[in-house]
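Listing of model-v4.pdb; format and content: PDB, C-alpha atoms.
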ATOM      1  CA  MET A   1      26.880 136.874 -51.202
ATOM      2  CA  ARG A   2      28.792 138.571 -54.022
ATOM      3  CA  THR A   3      31.008 140.321 -51.471
ATOM      4  CA  LEU A   4      31.751 137.005 -49.801
ATOM      5  CA  ILE A   5      32.593 135.445 -53.152
ATOM      6  CA  SER A   6      34.977 138.277 -54.051
ATOM      7  CA  PHE A   7      36.687 138.108 -50.653
ATOM      8  CA  ALA A   8      37.061 134.339 -50.773
ATOM      9  CA  LEU A   9      38.328 134.524 -54.345
ATOM     10  CA  THR A  10      41.070 136.940 -53.289
ATOM     11  CA  LEU A  11      42.110 134.662 -50.431
ATOM     12  CA  LEU A  12      42.083 131.583 -52.632
ATOM     13  CA  ILE A  13      44.199 133.168 -55.331
ATOM     14  CA  SER A  14      46.745 134.504 -52.848
ATOM     15  CA  SER A  15      46.994 131.214 -50.947
ATOM     16  CA  THR A  16      47.460 129.001 -53.986
ATOM     17  CA  PHE A  17      49.259 131.281 -56.436
ATOM     18  CA  CYS A  18      52.772 130.157 -55.558
ATOM     19  CA  SER A  19      51.969 126.471 -56.018
ATOM     20  CA  ALA A  20      49.896 126.956 -59.163
ATOM     21  CA  ALA A  21      52.390 129.318 -60.790
ATOM     22  CA  MET A  22      55.541 127.286 -60.266
ATOM     23  CA  ALA A  23      57.235 125.855 -63.342
ATOM     24  CA  GLN A  24      55.219 123.025 -64.823
ATOM     25  CA  ASP A  25      56.494 120.131 -66.907
ATOM     26  CA  ALA A  26      53.763 118.163 -68.674
ATOM     27  CA  ALA A  27      56.218 115.513 -69.873
ATOM     28  CA  ALA A  28      57.345 114.950 -66.301
ATOM     29  CA  GLY A  29      53.706 114.838 -65.226
ATOM     30  CA  GLU A  30      52.998 112.029 -67.664
ATOM     31  CA  LYS A  31      55.715 109.990 -65.974
ATOM     32  CA  LYS A  32      54.303 110.710 -62.518
ATOM     33  CA  ASN A  33      50.667 109.807 -63.121
ATOM     34  CA  GLN A  34      50.810 106.123 -62.174
ATOM     35  CA  LEU A  35      48.658 106.787 -59.096
ATOM     36  CA  CYS A  36      46.124 108.745 -61.172
ATOM     37  CA  ILE A  37      45.456 106.663 -64.262
ATOM     38  CA  GLY A  38      43.850 103.743 -62.424
ATOM     39  CA  CYS A  39      40.802 105.940 -61.852
ATOM     40  CA  HIS A  40      41.101 109.026 -64.051
ATOM     41  CA  GLY A  41      42.442 107.169 -67.082
ATOM     42  CA  ILE A  42      39.478 104.805 -67.512
ATOM     43  CA  PRO A  43      36.341 106.244 -69.169
ATOM     44  CA  GLY A  44      33.276 105.703 -67.007
ATOM     45  CA  TYR A  45      35.256 104.364 -64.053
ATOM     46  CA  GLN A  46      33.204 104.472 -60.855
ATOM     47  CA  ALA A  47      34.365 105.048 -57.309
ATOM     48  CA  SER A  48      32.523 103.396 -54.445
ATOM     49  CA  PHE A  49      33.272 105.817 -51.584
ATOM     50  CA  PRO A  50      31.364 107.497 -50.051
ATOM     51  CA  GLU A  51      28.870 106.185 -52.632
ATOM     52  CA  VAL A  52      29.020 104.918 -56.207
ATOM     53  CA  TYR A  53      29.754 107.694 -58.709
ATOM     54  CA  LYS A  54      31.914 108.292 -61.769
ATOM     55  CA  VAL A  55      35.284 109.760 -60.912
ATOM     56  CA  PRO A  56      35.662 113.279 -62.308
ATOM     57  CA  MET A  57      37.036 113.978 -65.741
ATOM     58  CA  ILE A  58      40.250 115.975 -65.296
ATOM     59  CA  ALA A  59      41.723 116.067 -68.813
ATOM     60  CA  GLY A  60      41.312 119.672 -69.929
ATOM     61  CA  GLN A  61      40.803 120.986 -66.394
ATOM     62  CA  ASN A  62      42.435 124.230 -65.237
ATOM     63  CA  PRO A  63      45.943 123.358 -63.997
ATOM     64  CA  GLY A  64      45.624 125.856 -61.143
ATOM     65  CA  TYR A  65      42.494 124.097 -59.939
ATOM     66  CA  ILE A  66      44.139 120.660 -60.077
ATOM     67  CA  VAL A  67      46.967 121.968 -57.895
ATOM     68  CA  ALA A  68      44.513 123.666 -55.518
ATOM     69  CA  ALA A  69      42.412 120.500 -55.191
ATOM     70  CA  LEU A  70      45.413 118.245 -54.557
ATOM     71  CA  THR A  71      46.747 120.725 -51.998
ATOM     72  CA  ALA A  72      43.379 120.750 -50.229
ATOM     73  CA  TYR A  73      43.403 116.944 -50.051
ATOM     74  CA  ARG A  74      46.937 116.987 -48.668
ATOM     75  CA  LYS A  75      45.997 119.546 -46.003
ATOM     76  CA  GLY A  76      42.832 117.717 -45.040
ATOM     77  CA  GLU A  77      40.581 120.539 -46.236
ATOM     78  CA  ARG A  78      39.028 117.966 -48.539
ATOM     79  CA  LEU A  79      38.375 114.641 -46.887
ATOM     80  CA  HIS A  80      38.710 111.468 -48.929
ATOM     81  CA  PRO A  81      41.002 108.668 -47.704
ATOM     82  CA  THR A  82      42.307 107.624 -51.114
ATOM     83  CA  MET A  83      42.853 111.121 -52.464
ATOM     84  CA  ARG A  84      44.472 112.303 -49.262
ATOM     85  CA  GLY A  85      46.883 109.380 -49.324
ATOM     86  CA  ILE A  86      47.825 110.121 -52.920
ATOM     87  CA  ALA A  87      48.131 113.876 -52.379
ATOM     88  CA  ALA A  88      50.316 113.336 -49.308
ATOM     89  CA  SER A  89      52.807 111.461 -51.476
ATOM     90  CA  LEU A  90      53.180 114.353 -53.930
ATOM     91  CA  SER A  91      55.511 117.327 -53.734
ATOM     92  CA  ASP A  92      54.437 120.763 -54.931
ATOM     93  CA  GLN A  93      56.437 120.152 -58.090
ATOM     94  CA  ASP A  94      54.729 116.795 -58.654
ATOM     95  CA  MET A  95      51.348 118.496 -58.403
ATOM     96  CA  ALA A  96      52.354 121.229 -60.835
ATOM     97  CA  ASP A  97      53.658 118.688 -63.347
ATOM     98  CA  LEU A  98      50.565 116.477 -63.095
ATOM     99  CA  ALA A  99      48.351 119.542 -63.493
ATOM    100  CA  ALA A 100      50.190 120.558 -66.662
ATOM    101  CA  PHE A 101      49.891 117.054 -68.086
ATOM    102  CA  TYR A 102      46.153 116.723 -67.505
ATOM    103  CA  ALA A 103      45.382 120.295 -68.559
ATOM    104  CA  GLY A 104      47.085 119.667 -71.879
ATOM    105  CA  GLN A 105      45.295 116.409 -72.644
ATOM    106  CA  ALA A 106      42.187 118.080 -74.060
ATOM    107  CA  GLN A 107      43.695 120.919 -76.061
ATOM    108  CA  GLY A 108      41.457 122.039 -78.906
ATOM    109  CA  GLN A 109      38.266 121.051 -77.125
ATOM    110  CA  THR A 110      36.448 124.356 -76.586
ATOM    111  CA  ALA A 111      33.061 124.951 -75.007
ATOM    112  CA  PRO A 112      30.688 127.372 -76.757
ATOM    113  CA  ALA A 113      30.498 130.871 -75.304
ATOM    114  CA  THR A 114      26.816 130.501 -74.460
ATOM    115  CA  VAL A 115      24.843 127.520 -73.230
ATOM    116  CA  GLU A 116      21.231 126.447 -73.383
ATOM    117  CA  ALA A 117      19.077 127.909 -70.632
ATOM    118  CA  PRO A 118      17.708 125.413 -68.100
ATOM    119  CA  PRO A 119      14.007 124.805 -67.412
ATOM    120  CA  ALA A 120      12.394 127.576 -65.381
ATOM    121  CA  HIS A 121      12.525 125.791 -62.027
ATOM    122  CA  VAL A 122      16.189 124.906 -62.517
ATOM    123  CA  ALA A 123      16.905 128.466 -63.645
ATOM    124  CA  GLU A 124      15.636 129.667 -60.279
ATOM    125  CA  LEU A 125      17.992 127.266 -58.504
ATOM    126  CA  MET A 126      20.895 128.404 -60.674
ATOM    127  CA  LYS A 127      20.113 132.030 -59.924
ATOM    128  CA  LYS A 128      20.076 131.288 -56.204
ATOM    129  CA  ALA A 129      23.336 129.336 -56.416
ATOM    130  CA  ASN A 130      24.987 132.042 -58.560
ATOM    131  CA  CYS A 131      27.317 129.436 -60.074
ATOM    132  CA  ALA A 132      28.173 131.563 -63.107
ATOM    133  CA  SER A 133      29.791 134.230 -60.916
ATOM    134  CA  CYS A 134      32.710 131.860 -60.279
ATOM    135  CA  HIS A 135      32.540 129.198 -62.984
ATOM    136  CA  GLY A 136      31.699 131.486 -65.913
ATOM    137  CA  GLU A 137      28.566 131.961 -67.975
ATOM    138  CA  ASN A 138      29.209 128.721 -69.873
ATOM    139  CA  PHE A 139      30.600 126.965 -66.764
ATOM    140  CA  SER A 140      33.861 126.330 -68.629
ATOM    141  CA  LYS A 141      35.518 129.735 -68.188
ATOM    142  CA  PRO A 142      36.019 130.236 -64.438
ATOM    143  CA  VAL A 143      36.864 133.712 -63.198
ATOM    144  CA  ALA A 144      40.056 132.497 -61.492
ATOM    145  CA  PRO A 145      42.598 129.844 -62.528
ATOM    146  CA  THR A 146      42.133 127.989 -59.249
ATOM    147  CA  TYR A 147      38.399 127.480 -59.897
ATOM    148  CA  PRO A 148      37.272 124.408 -61.853
ATOM    149  CA  LYS A 149      35.556 124.042 -65.158
ATOM    150  CA  ILE A 150      32.342 122.164 -64.399
ATOM    151  CA  GLY A 151      30.385 122.205 -67.660
ATOM    152  CA  GLY A 152      29.822 118.646 -68.872
ATOM    153  CA  GLN A 153      31.312 117.082 -65.737
ATOM    154  CA  HIS A 154      29.693 113.841 -64.558
ATOM    155  CA  ALA A 155      26.393 114.609 -62.809
ATOM    156  CA  ASP A 156      26.830 111.982 -60.117
ATOM    157  CA  TYR A 157      30.289 113.323 -59.236
ATOM    158  CA  LEU A 158      29.004 116.901 -59.074
ATOM    159  CA  TYR A 159      26.196 115.768 -56.780
ATOM    160  CA  VAL A 160      28.568 113.947 -54.419
ATOM    161  CA  ALA A 161      30.942 116.931 -54.403
ATOM    162  CA  LEU A 162      28.134 119.366 -53.597
ATOM    163  CA  LYS A 163      26.898 117.167 -50.763
ATOM    164  CA  ALA A 164      30.433 117.069 -49.354
ATOM    165  CA  TYR A 165      30.285 120.835 -48.841
ATOM    166  CA  GLN A 166      27.223 120.275 -46.634
ATOM    167  CA  THR A 167      28.951 117.655 -44.478
ATOM    168  CA  ASP A 168      30.271 118.419 -41.006
ATOM    169  CA  GLY A 169      31.780 116.239 -38.303
ATOM    170  CA  SER A 170      32.958 113.372 -40.496
ATOM    171  CA  ALA A 171      36.547 112.163 -40.367
ATOM    172  CA  GLN A 172      36.424 110.807 -43.925
ATOM    173  CA  VAL A 173      33.954 112.878 -45.942
ATOM    174  CA  GLY A 174      33.585 116.621 -46.415
ATOM    175  CA  ARG A 175      35.004 119.722 -48.037
ATOM    176  CA  LYS A 176      35.884 122.964 -46.280
ATOM    177  CA  ASN A 177      35.234 126.045 -48.399
ATOM    178  CA  ALA A 178      33.257 129.003 -47.082
ATOM    179  CA  VAL A 179      31.760 130.031 -50.419
ATOM    180  CA  MET A 180      30.856 126.555 -51.632
ATOM    181  CA  GLY A 181      29.618 125.535 -48.200
ATOM    182  CA  GLY A 182      27.345 128.550 -47.971
ATOM    183  CA  MET A 183      26.000 127.917 -51.440
ATOM    184  CA  ALA A 184      25.414 124.163 -51.065
ATOM    185  CA  ARG A 185      23.686 124.445 -47.690
ATOM    186  CA  GLN A 186      20.838 126.424 -49.262
ATOM    187  CA  PHE A 187      19.590 123.361 -51.117
ATOM    188  CA  THR A 188      18.023 119.991 -50.483
ATOM    189  CA  HIS A 189      19.705 116.923 -51.908
ATOM    190  CA  ALA A 190      17.025 116.742 -54.586
ATOM    191  CA  GLU A 191      17.801 120.322 -55.624
ATOM    192  CA  LEU A 192      21.540 119.647 -55.675
ATOM    193  CA  LYS A 193      20.859 116.714 -57.961
ATOM    194  CA  GLU A 194      18.927 118.978 -60.340
ATOM    195  CA  LEU A 195      21.748 121.522 -60.384
ATOM    196  CA  ALA A 196      24.278 118.780 -61.078
ATOM    197  CA  ALA A 197      22.169 117.281 -63.859
ATOM    198  CA  TYR A 198      21.848 120.615 -65.659
ATOM    199  CA  VAL A 199      25.552 121.506 -65.456
ATOM    200  CA  SER A 200      26.465 117.994 -66.572
ATOM    201  CA  SER A 201      24.201 118.284 -69.629
ATOM    202  CA  LEU A 202      26.146 121.259 -71.011
ATOM    203  CA  PRO A 203      28.937 121.019 -73.596
ATOM    204  CA  GLY A 204      32.262 121.356 -71.850
ATOM    205  CA  GLU A 205      36.014 121.041 -72.187
ATOM    206  CA  LEU A 206      36.568 118.081 -69.883
ATOM    207  CA  LYS A 207      37.075 114.479 -70.867
ATOM    208  CA  THR A 208      38.758 111.244 -69.881
ATOM    209  CA  VAL A 209      41.676 110.272 -72.086
ATOM    210  CA  PRO A 210      42.277 106.501 -71.888
ATOM    211  CA  GLN A 211      45.833 105.515 -71.110
ATOM    212  CA  SER A 212      47.384 103.018 -73.507
ATOM    213  CA  ARG A 213      47.283 100.181 -70.994
ATOM    214  CA  PHE A 214      43.508 100.635 -70.607
ATOM    215  CA  ARG A 215      42.556 100.976 -74.293
TER     216      ARG A 215
END

As structure tokens, please, write out the structure in this file.
Amino acid sequence: MRTLISFALTLLISSTFCSAAMAQDAAAGEKKNQLCIGCHGIPGYQASFPEVYKVPMIAGQNPGYIVAALTAYRKGERLHPTMRGIAASLSDQDMADLAAFYAGQAQGQTAPATVEAPPAHVAELMKKANCASCHGENFSKPVAPTYPKIGGQHADYLYVALKAYQTDGSAQVGRKNAVMGGMARQFTHAELKELAAYVSSLPGELKTVPQSRFR
């Protein structure tokens, strides 16, 4: 499993480096986020597809991951009608600028280096999932810039995202990623929910910053 993770990490970095590393302009990103703030600029806002869940917090997220995620939606590697439509309307530069804007929104918010250990049964699930090998020991310091911070992220979003990696054959729902797919398929939905609940309970660096029109 570790070999697979290392191989996939190398491929992911090489395939997304050019997009993630291009010049970013946070000020320009703030002017381009009209399609984002209606969901990601409202604390506690809930999506209703494919089920009801809080949309992810992206303020403070790794800019490389934001670009990688948007690119995956545009390519159809992540299936979600709304996100694919939005991503398809963005250029590589738009994505880089938006990533810089959202990454900079939570500056100064730092997760502790260590986190509280989970209950024994959850610890066994975490060991099996090996999440820390990619997302960092505190789940807020990923080993690659194109991997997300997940500590403190909404539990219901994490659960829906994990289930998406288990989904095949749907035209509207699913995520294609060999490492995440292999990891998620080991677990029942109940176990995925426990994993998501633990990671969500940890202090993290993500938040939702209300836009002025929604305050």

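What separates atom CA of Ser212 of chain A from atom CA of Thr71 of chain A is a distance of 27.9 Å.
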
Go through the shown structure with the PyMOL selection byres ((chain A and resi 59-70) around 9) and write out the matching residues as a PDB file with C-alpha atoms, in the frame of the given file.
ATOM      1  CA  LEU A  12      42.083 131.583 -52.632  1.00  0.00           C
ATOM      2  CA  THR A  16      47.460 129.001 -53.986  1.00  0.00           C
ATOM      3  CA  PHE A  17      49.259 131.281 -56.436  1.00  0.00           C
ATOM      4  CA  SER A  19      51.969 126.471 -56.018  1.00  0.00           C
ATOM      5  CA  ALA A  20      49.896 126.956 -59.163  1.00  0.00           C
ATOM      6  CA  ALA A  21      52.390 129.318 -60.790  1.00  0.00           C
ATOM      7  CA  HIS A  40      41.101 109.026 -64.051  1.00  0.00           C
ATOM      8  CA  MET A  57      37.036 113.978 -65.741  1.00  0.00           C
ATOM      9  CA  ILE A  58      40.250 115.975 -65.296  1.00  0.00           C
ATOM     10  CA  THR A  71      46.747 120.725 -51.998  1.00  0.00           C
ATOM     11  CA  ALA A  72      43.379 120.750 -50.229  1.00  0.00           C
ATOM     12  CA  TYR A  73      43.403 116.944 -50.051  1.00  0.00           C
ATOM     13  CA  ARG A  74      46.937 116.987 -48.668  1.00  0.00           C
ATOM     14  CA  LYS A  75      45.997 119.546 -46.003  1.00  0.00           C
ATOM     15  CA  ARG A  78      39.028 117.966 -48.539  1.00  0.00           C
ATOM     16  CA  MET A  83      42.853 111.121 -52.464  1.00  0.00           C
ATOM     17  CA  ARG A  84      44.472 112.303 -49.262  1.00  0.00           C
ATOM     18  CA  ILE A  86      47.825 110.121 -52.920  1.00  0.00           C
ATOM     19  CA  ALA A  87      48.131 113.876 -52.379  1.00  0.00           C
ATOM     20  CA  ALA A  88      50.316 113.336 -49.308  1.00  0.00           C
ATOM     21  CA  LEU A  90      53.180 114.353 -53.930  1.00  0.00           C
ATOM     22  CA  ASP A  92      54.437 120.763 -54.931  1.00  0.00           C
ATOM     23  CA  MET A  95      51.348 118.496 -58.403  1.00  0.00           C
ATOM     24  CA  ALA A  96      52.354 121.229 -60.835  1.00  0.00           C
ATOM     25  CA  LEU A  98      50.565 116.477 -63.095  1.00  0.00           C
ATOM     26  CA  ALA A  99      48.351 119.542 -63.493  1.00  0.00           C
ATOM     27  CA  ALA A 100      50.190 120.558 -66.662  1.00  0.00           C
ATOM     28  CA  PHE A 101      49.891 117.054 -68.086  1.00  0.00           C
ATOM     29  CA  TYR A 102      46.153 116.723 -67.505  1.00  0.00           C
ATOM     30  CA  ALA A 103      45.382 120.295 -68.559  1.00  0.00           C
ATOM     31  CA  GLY A 104      47.085 119.667 -71.879  1.00  0.00           C
ATOM     32  CA  GLN A 105      45.295 116.409 -72.644  1.00  0.00           C
ATOM     33  CA  ALA A 106      42.187 118.080 -74.060  1.00  0.00           C
ATOM     34  CA  GLN A 107      43.695 120.919 -76.061  1.00  0.00           C
ATOM     35  CA  GLN A 109      38.266 121.051 -77.125  1.00  0.00           C
ATOM     36  CA  PRO A 142      36.019 130.236 -64.438  1.00  0.00           C
ATOM     37  CA  ALA A 144      40.056 132.497 -61.492  1.00  0.00           C
ATOM     38  CA  PRO A 145      42.598 129.844 -62.528  1.00  0.00           C
ATOM     39  CA  THR A 146      42.133 127.989 -59.249  1.00  0.00           C
ATOM     40  CA  TYR A 147      38.399 127.480 -59.897  1.00  0.00           C
ATOM     41  CA  PRO A 148      37.272 124.408 -61.853  1.00  0.00           C
ATOM     42  CA  LYS A 149      35.556 124.042 -65.158  1.00  0.00           C
ATOM     43  CA  ILE A 150      32.342 122.164 -64.399  1.00  0.00           C
ATOM     44  CA  GLU A 205      36.014 121.041 -72.187  1.00  0.00           C
ATOM     45  CA  LEU A 206      36.568 118.081 -69.883  1.00  0.00           C
ATOM     46  CA  LYS A 207      37.075 114.479 -70.867  1.00  0.00           C
ATOM     47  CA  THR A 208      38.758 111.244 -69.881  1.00  0.00           C
ATOM     48  CA  VAL A 209      41.676 110.272 -72.086  1.00  0.00           C
TER      49      VAL A 209
END

Inset, instruction - Apply the PyMOL selection byres ((chain A and resi 171-176) around 6) to the file shown and report the selected residues as a ChimeraX atom specification. - result: /A:77-80,164-165,167,170,177

Inset, instruction - List every protein, DNA or RNA residue that has an atom no more than 7 Å from (22.8, 126.9, -69.4) in the file's coordinate frame, counting all atoms listed in the file, and report them as a VMD selection string. - result: chain A and resid 115 to 118 138 202

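Atom to atom, atom CA of Gly85 of chain A and atom CA of Pro56 of chain A stand 17.6 Å apart.
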
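Proximity of A:Ser201, A:Ser140, A:Asn130, A:Gln34 to Gly182 of chain A, computed with all atoms listed in the file, is greatest for A:Asn130.
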
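Atom CA of Phe139 of chain A is found 20.0 Å from atom CA of Gln186 of chain A.
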
Legend entry - Test item: residues at most 12 Å from Asp156 of chain A, all atoms listed in the file, excluding those fewer than 6 positions along its chain, as a ChimeraX atom specification: /A:44,46-48,50-57,162-163,189,192-201

Write out, as a compact mmCIF listing (two decimals), in the frame of the given file, the residues just selected, with C-alpha atoms.
# COMPACT_ATOMS: atom_id res chain seq x y z
CA GLY A 44 33.28 105.70 -67.01
CA GLN A 46 33.20 104.47 -60.86
CA ALA A 47 34.36 105.05 -57.31
CA SER A 48 32.52 103.40 -54.44
CA PRO A 50 31.36 107.50 -50.05
CA GLU A 51 28.87 106.18 -52.63
CA VAL A 52 29.02 104.92 -56.21
CA TYR A 53 29.75 107.69 -58.71
CA LYS A 54 31.91 108.29 -61.77
CA VAL A 55 35.28 109.76 -60.91
CA PRO A 56 35.66 113.28 -62.31
CA MET A 57 37.04 113.98 -65.74
CA LEU A 162 28.13 119.37 -53.60
CA LYS A 163 26.90 117.17 -50.76
CA HIS A 189 19.70 116.92 -51.91
CA LEU A 192 21.54 119.65 -55.68
CA LYS A 193 20.86 116.71 -57.96
CA GLU A 194 18.93 118.98 -60.34
CA LEU A 195 21.75 121.52 -60.38
CA ALA A 196 24.28 118.78 -61.08
CA ALA A 197 22.17 117.28 -63.86
CA TYR A 198 21.85 120.62 -65.66
CA VAL A 199 25.55 121.51 -65.46
CA SER A 200 26.46 117.99 -66.57
CA SER A 201 24.20 118.28 -69.63

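In this comparison, which uses only C-alpha atoms, the residue of A:Asp97, A:Phe49, A:Pro81, A:Pro112 approaching Lys31 of chain A most closely is A:Asp97.
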
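For the choices A:Val122, A:Cys36, A:Ile42, A:Ala26, the atom-to-atom distance to Ala190 of chain A is smallest for A:Val122 when using only C-alpha atoms.
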
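Take the candidates A:Asp25, A:Cys134, A:Gly152, A:Thr82 and check each one against Met180 of chain A using all atoms listed in the file; the shortest distance goes to A:Cys134.
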
Take every atom of segment 106-118 of chain A listed in the file, fit an axis-aligned box around them, add 4 Å per side, and give the centre and edge lengths in Å to one decimal as lines of an AutoDock Vina configuration file.
center_x = 30.7
center_y = 124.5
center_z = -73.5
size_x = 34.0
size_y = 20.8
size_z = 18.8

Legend entry - Contacts of Ala129 of chain A at 8 Å (only C-alpha atoms; same-chain gap of 2+ positions) as an MDAnalysis selection string: chainID A and resid 125:127 131 183:184
